[in-house]
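For reference, the structure is listed below as structure tokens.
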Amino acid sequence: MDAVDVVPENSHNCVIRIKTGVYDEIVTVGKKKCNVVFIGDCVKTTVVIGNRSNIKGVRTFESATLVIEGDGFLATGITFVNMVEPEAGQAVAVRISSYHTAFYRCRIADFQDTLYTQDGVQFFKECEIYDTIDFWAC
């Protein structure tokens, strides 16, 4: 999130390289941060995890580990996971409300409501999306 924070608002292109590691944090790419690119070292070794859910006092809408609101977002070579336990209720790994968003060779995993495509247009290529219960798309 520190890298996203320094991206100037209304930027036209910004590439953020995410090295191998497990990053336990919530990441939000805001509406005024467009054309942001996340490049991970490898989907197996570059992992962003969160653990928010309904039972922890947040609405499903607010539980996402990764929130994309800025148009033109691209991620490649990264895994995004919401690590809550099954008894924790609804939780989202990735919530998207932007246009021209793409994921290439990424993993998205959760127990319930893994991918929340709230608004916009998204493209997923060679991605693995795991969920035990269902997917939530509007």
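Ligands are numbered from 1 in the order shown, residues from 1 within each chain, and chains are lettered A, B, ... in the order they appear in the structure tokens.
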*Name the residues of chain A that come out as strand (DSSP E) in a backbone DSSP run; write them as number ranges by chain.*
A: 14-18, 21-24, 27-29, 36-40, 46-50, 66-68, 74-76, 79-82, 94-104, 107-109, 115-125, 128-130, 136-137
Env of range 50-54 of chain A: 12 Å cut, atoms = only C-alpha atoms, seq-sep filter 4 positions within chain, self excluded. Answer as a JSON list (two decimals) with N, CA and C atoms, in the first residue's frame.
[["chain", "number", "residue", "atom", "x", "y", "z"],
["A", 22, "VAL", "N", 5.26, -12.43, 1.17],
["A", 22, "VAL", "CA", 3.87, -12.43, 1.58],
["A", 22, "VAL", "C", 3.60, -11.09, 2.24],
["A", 23, "TYR", "N", 2.66, -10.35, 1.69],
["A", 23, "TYR", "CA", 2.33, -9.01, 2.16],
["A", 23, "TYR", "C", 0.96, -9.05, 2.82],
["A", 24, "ASP", "N", 0.93, -8.86, 4.12],
["A", 24, "ASP", "CA", -0.32, -8.92, 4.89],
["A", 24, "ASP", "C", -0.84, -7.50, 5.03],
["A", 25, "GLU", "N", -1.67, -7.09, 4.07],
["A", 25, "GLU", "CA", -2.20, -5.73, 4.09],
["A", 25, "GLU", "C", -3.36, -5.59, 3.12],
["A", 26, "ILE", "N", -4.14, -4.57, 3.32],
["A", 26, "ILE", "CA", -5.25, -4.24, 2.44],
["A", 26, "ILE", "C", -4.74, -3.20, 1.45],
["A", 27, "VAL", "N", -4.98, -3.43, 0.17],
["A", 27, "VAL", "CA", -4.48, -2.53, -0.87],
["A", 27, "VAL", "C", -5.66, -1.93, -1.62],
["A", 28, "THR", "N", -5.68, -0.60, -1.72],
["A", 28, "THR", "CA", -6.72, 0.10, -2.45],
["A", 28, "THR", "C", -6.09, 1.00, -3.50],
["A", 58, "VAL", "N", -17.05, -5.68, 9.36],
["A", 58, "VAL", "CA", -17.10, -4.91, 8.12],
["A", 58, "VAL", "C", -18.13, -5.53, 7.18],
["A", 59, "ARG", "N", -18.69, -4.70, 6.33],
["A", 59, "ARG", "CA", -19.62, -5.22, 5.34],
["A", 59, "ARG", "C", -18.84, -5.97, 4.26],
["A", 60, "THR", "N", -19.50, -6.87, 3.57],
["A", 60, "THR", "CA", -18.85, -7.64, 2.51],
["A", 60, "THR", "C", -18.16, -6.70, 1.53],
["A", 61, "PHE", "N", -18.81, -5.63, 1.18],
["A", 61, "PHE", "CA", -18.29, -4.61, 0.27],
["A", 61, "PHE", "C", -16.92, -4.08, 0.72],
["A", 62, "GLU", "N", -16.72, -4.00, 2.05],
["A", 62, "GLU", "CA", -15.50, -3.42, 2.61],
["A", 62, "GLU", "C", -14.43, -4.46, 2.97],
["A", 63, "SER", "N", -14.69, -5.73, 2.74],
["A", 63, "SER", "CA", -13.81, -6.78, 3.23],
["A", 63, "SER", "C", -12.66, -7.14, 2.28],
["A", 64, "ALA", "N", -12.62, -6.56, 1.10],
["A", 64, "ALA", "CA", -11.66, -6.98, 0.07],
["A", 64, "ALA", "C", -10.20, -6.74, 0.47],
["A", 65, "THR", "N", -9.37, -7.69, 0.10],
["A", 65, "THR", "CA", -7.93, -7.55, 0.26],
["A", 65, "THR", "C", -7.38, -6.56, -0.76],
["A", 66, "LEU", "N", -7.88, -6.62, -1.99],
["A", 66, "LEU", "CA", -7.49, -5.69, -3.06],
["A", 66, "LEU", "C", -8.75, -5.00, -3.58],
["A", 67, "VAL", "N", -8.72, -3.67, -3.58],
["A", 67, "VAL", "CA", -9.82, -2.87, -4.11],
["A", 67, "VAL", "C", -9.29, -2.06, -5.28],
["A", 79, "THR", "N", -0.67, -13.34, -6.38],
["A", 79, "THR", "CA", -1.81, -14.00, -5.76],
["A", 79, "THR", "C", -2.43, -13.05, -4.75],
["A", 80, "PHE", "N", -3.77, -12.93, -4.79],
["A", 80, "PHE", "CA", -4.52, -12.10, -3.85],
["A", 80, "PHE", "C", -5.47, -13.02, -3.07],
["A", 81, "VAL", "N", -5.39, -12.98, -1.74],
["A", 81, "VAL", "CA", -6.14, -13.91, -0.91],
["A", 81, "VAL", "C", -6.79, -13.18, 0.26],
["A", 82, "ASN", "N", -8.02, -13.57, 0.58],
["A", 82, "ASN", "CA", -8.62, -13.18, 1.85],
["A", 82, "ASN", "C", -8.56, -14.43, 2.72],
["A", 83, "MET", "N", -7.84, -14.37, 3.82],
["A", 83, "MET", "CA", -7.51, -15.53, 4.63],
["A", 83, "MET", "C", -8.51, -15.87, 5.74],
["A", 84, "VAL", "N", -9.69, -15.30, 5.74],
["A", 84, "VAL", "CA", -10.63, -15.58, 6.82],
["A", 84, "VAL", "C", -11.06, -17.04, 6.81],
["A", 85, "GLU", "N", -11.42, -17.52, 8.00],
["A", 85, "GLU", "CA", -11.87, -18.90, 8.15],
["A", 85, "GLU", "C", -13.32, -19.02, 7.68],
["A", 86, "PRO", "N", -13.77, -20.23, 7.36],
["A", 86, "PRO", "CA", -15.14, -20.43, 6.87],
["A", 86, "PRO", "C", -16.21, -19.86, 7.80],
["A", 87, "GLU", "N", -16.01, -19.97, 9.11],
["A", 87, "GLU", "CA", -17.01, -19.47, 10.05],
["A", 87, "GLU", "C", -17.03, -17.95, 10.16],
["A", 88, "ALA", "N", -16.14, -17.26, 9.49],
["A", 88, "ALA", "CA", -16.06, -15.80, 9.56],
["A", 88, "ALA", "C", -17.09, -15.10, 8.68],
["A", 89, "GLY", "N", -17.81, -15.84, 7.87],
["A", 89, "GLY", "CA", -18.84, -15.22, 7.03],
["A", 89, "GLY", "C", -18.29, -14.73, 5.71],
["A", 90, "GLN", "N", -19.05, -13.86, 5.09],
["A", 90, "GLN", "CA", -18.69, -13.38, 3.76],
["A", 90, "GLN", "C", -17.42, -12.53, 3.81],
["A", 91, "ALA", "N", -16.59, -12.72, 2.78],
["A", 91, "ALA", "CA", -15.35, -11.96, 2.65],
["A", 91, "ALA", "C", -14.96, -11.95, 1.18],
["A", 92, "VAL", "N", -14.27, -10.92, 0.76],
["A", 92, "VAL", "CA", -13.90, -10.76, -0.65],
["A", 92, "VAL", "C", -12.38, -10.67, -0.76],
["A", 93, "ALA", "N", -11.82, -11.34, -1.74],
["A", 93, "ALA", "CA", -10.39, -11.21, -2.00],
["A", 93, "ALA", "C", -10.12, -9.99, -2.88],
["A", 94, "VAL", "N", -10.90, -9.84, -3.98],
["A", 94, "VAL", "CA", -10.71, -8.72, -4.91],
["A", 94, "VAL", "C", -12.06, -8.09, -5.23],
["A", 108, "ILE", "N", -6.60, -15.64, -7.44],
["A", 108, "ILE", "CA", -7.49, -14.94, -6.53],
["A", 108, "ILE", "C", -8.18, -16.02, -5.72],
["A", 109, "ALA", "N", -8.05, -15.98, -4.39],
["A", 109, "ALA", "CA", -8.57, -17.07, -3.56],
["A", 109, "ALA", "C", -9.25, -16.55, -2.31],
["A", 110, "ASP", "N", -10.24, -17.33, -1.86],
["A", 110, "ASP", "CA", -11.02, -16.97, -0.69],
["A", 110, "ASP", "C", -11.90, -18.15, -0.34],
["A", 111, "PHE", "N", -12.67, -18.04, 0.72],
["A", 111, "PHE", "CA", -13.63, -19.07, 1.06],
["A", 111, "PHE", "C", -15.00, -18.77, 0.44],
["A", 112, "GLN", "N", -15.44, -17.53, 0.56],
["A", 112, "GLN", "CA", -16.76, -17.15, 0.03],
["A", 112, "GLN", "C", -16.69, -15.74, -0.57],
["A", 113, "ASP", "N", -17.33, -15.56, -1.72],
["A", 113, "ASP", "CA", -17.41, -14.26, -2.41],
["A", 113, "ASP", "C", -16.03, -13.75, -2.82],
["A", 114, "THR", "N", -15.24, -14.59, -3.40],
["A", 114, "THR", "CA", -13.86, -14.31, -3.77],
["A", 114, "THR", "C", -13.70, -13.07, -4.63]]
*Which of chain A counts as alpha helix (DSSP H) under DSSP, as JSON, numbers by chain please?*
{"A": [2, 3, 4, 5]}
Contacts of Arg105 in chain A at 6 Å or less, counting only C-alpha atoms, minus same-chain residues fewer than 2 places along, as a tab-separated table (two decimals) with N, CA and C atoms, in the first residue's frame?
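And here's out-v7.tsv as it stands now:
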chain	number	residue	atom	x	y	z
A	76	THR	N	-0.18	-8.72	-12.81
A	76	THR	CA	0.36	-9.97	-13.36
A	76	THR	C	1.32	-10.60	-12.36
A	77	GLY	N	1.28	-11.93	-12.26
A	77	GLY	CA	2.24	-12.66	-11.43
A	77	GLY	C	2.05	-12.50	-9.94
A	126	GLU	N	-5.53	-16.45	-18.20
A	126	GLU	CA	-4.65	-17.41	-17.54
A	126	GLU	C	-4.61	-17.19	-16.03
A	127	CYS	N	-5.78	-16.92	-15.44
A	127	CYS	CA	-5.89	-16.71	-14.00
A	127	CYS	C	-6.56	-17.91	-13.35
*Could you tell me which of A:Val7, A:Cys14, A:Ile49, A:Ile78 comes closest to Glu128 in chain A if we count only C-alpha atoms?*
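Checking each of A:Val7, A:Cys14, A:Ile49, A:Ile78 against Glu128 in chain A, counting only C-alpha atoms, the winner is A:Ile78.
When only C-alpha atoms are used to measure the gap to Lys44 in chain A, the shortest distance among A:Arg107, A:Asn10, A:Val29, A:Val15 belongs to A:Arg107.
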_Contacts of Ile96 in chain A within 6 Å, only C-alpha atoms, excl. fewer than 3 positions in-chain, as a ChimeraX atom specification_ = /A:67-68,117-118
For the residues selected in the previous step, produce a file with C-alpha atoms as a short mmCIF file (atom, residue, chain, number, x, y, z; two decimals), in the first residue's frame.
data_model
loop_
_atom_site.label_atom_id
_atom_site.label_comp_id
_atom_site.auth_asym_id
_atom_site.auth_seq_id
_atom_site.Cartn_x
_atom_site.Cartn_y
_atom_site.Cartn_z
CA VAL A 67 -9.82 -2.87 -4.11
CA ILE A 68 -9.54 -1.47 -7.63
CA THR A 117 -16.94 -7.31 -9.92
CA GLN A 118 -18.99 -4.40 -8.70
#
*Can you list, as a PyMOL selection string, every protein, DNA or RNA residue that comes within 7 Å of Tyr99 in chain A when you count only C-alpha atoms, leaving out same-chain residues fewer than 2 positions away?*
chain A and resi 71-72+101+120-122
Serialized selection, C-alpha atoms, as a compact mmCIF listing (two decimals), in the first residue's frame:
# COMPACT_ATOMS: atom_id res chain seq x y z
CA ASP A 71 -9.44 2.71 -14.50
CA GLY A 72 -6.74 0.95 -16.51
CA THR A 101 -9.03 -3.65 -15.59
CA GLY A 120 -16.87 -1.61 -14.98
CA VAL A 121 -15.25 -3.94 -17.47
CA GLN A 122 -12.63 -6.54 -16.54
*asked:* Which residue is closest to Phe38 in chain A? Choose from A:Thr132, A:Gly21, A:Val4, A:Ile55 and count only C-alpha atoms.
replied: A:Val4
_Between CA of His100 in chain A and CA of Lys19 in chain A - distance in Å to one decimal_ =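 Computing the Euclidean distance for CA of Lys19 in chain A and CA of His100 in chain A yields 24.5 Å.
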*Can you work out which one of A:Ile129, A:Cys106, A:Tyr116, A:Phe73 has the shortest atom-to-atom distance to Val43 in chain A, counting only C-alpha atoms?*
A:Cys106
*For Ser97 in chain A, which of A:Tyr130, A:Phe123, A:Lys31, A:Ala75 is the closest residue, counting only C-alpha atoms?*
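When distances to Ser97 in chain A are compared using only C-alpha atoms, the smallest one comes from A:Lys31.
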*Atomic separation - CA of Gly40 in chain A relative to CA of Asp5 in chain A, Å*: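 Between CA of Asp5 in chain A and CA of Gly40 in chain A the gap is 17.8 Å.
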*Can you pull out every residue within 8 Å of Thr20 in chain A, counting only C-alpha atoms, but drop anything in the same chain fewer than 3 positions away, and send it as a count of residues only?*
6
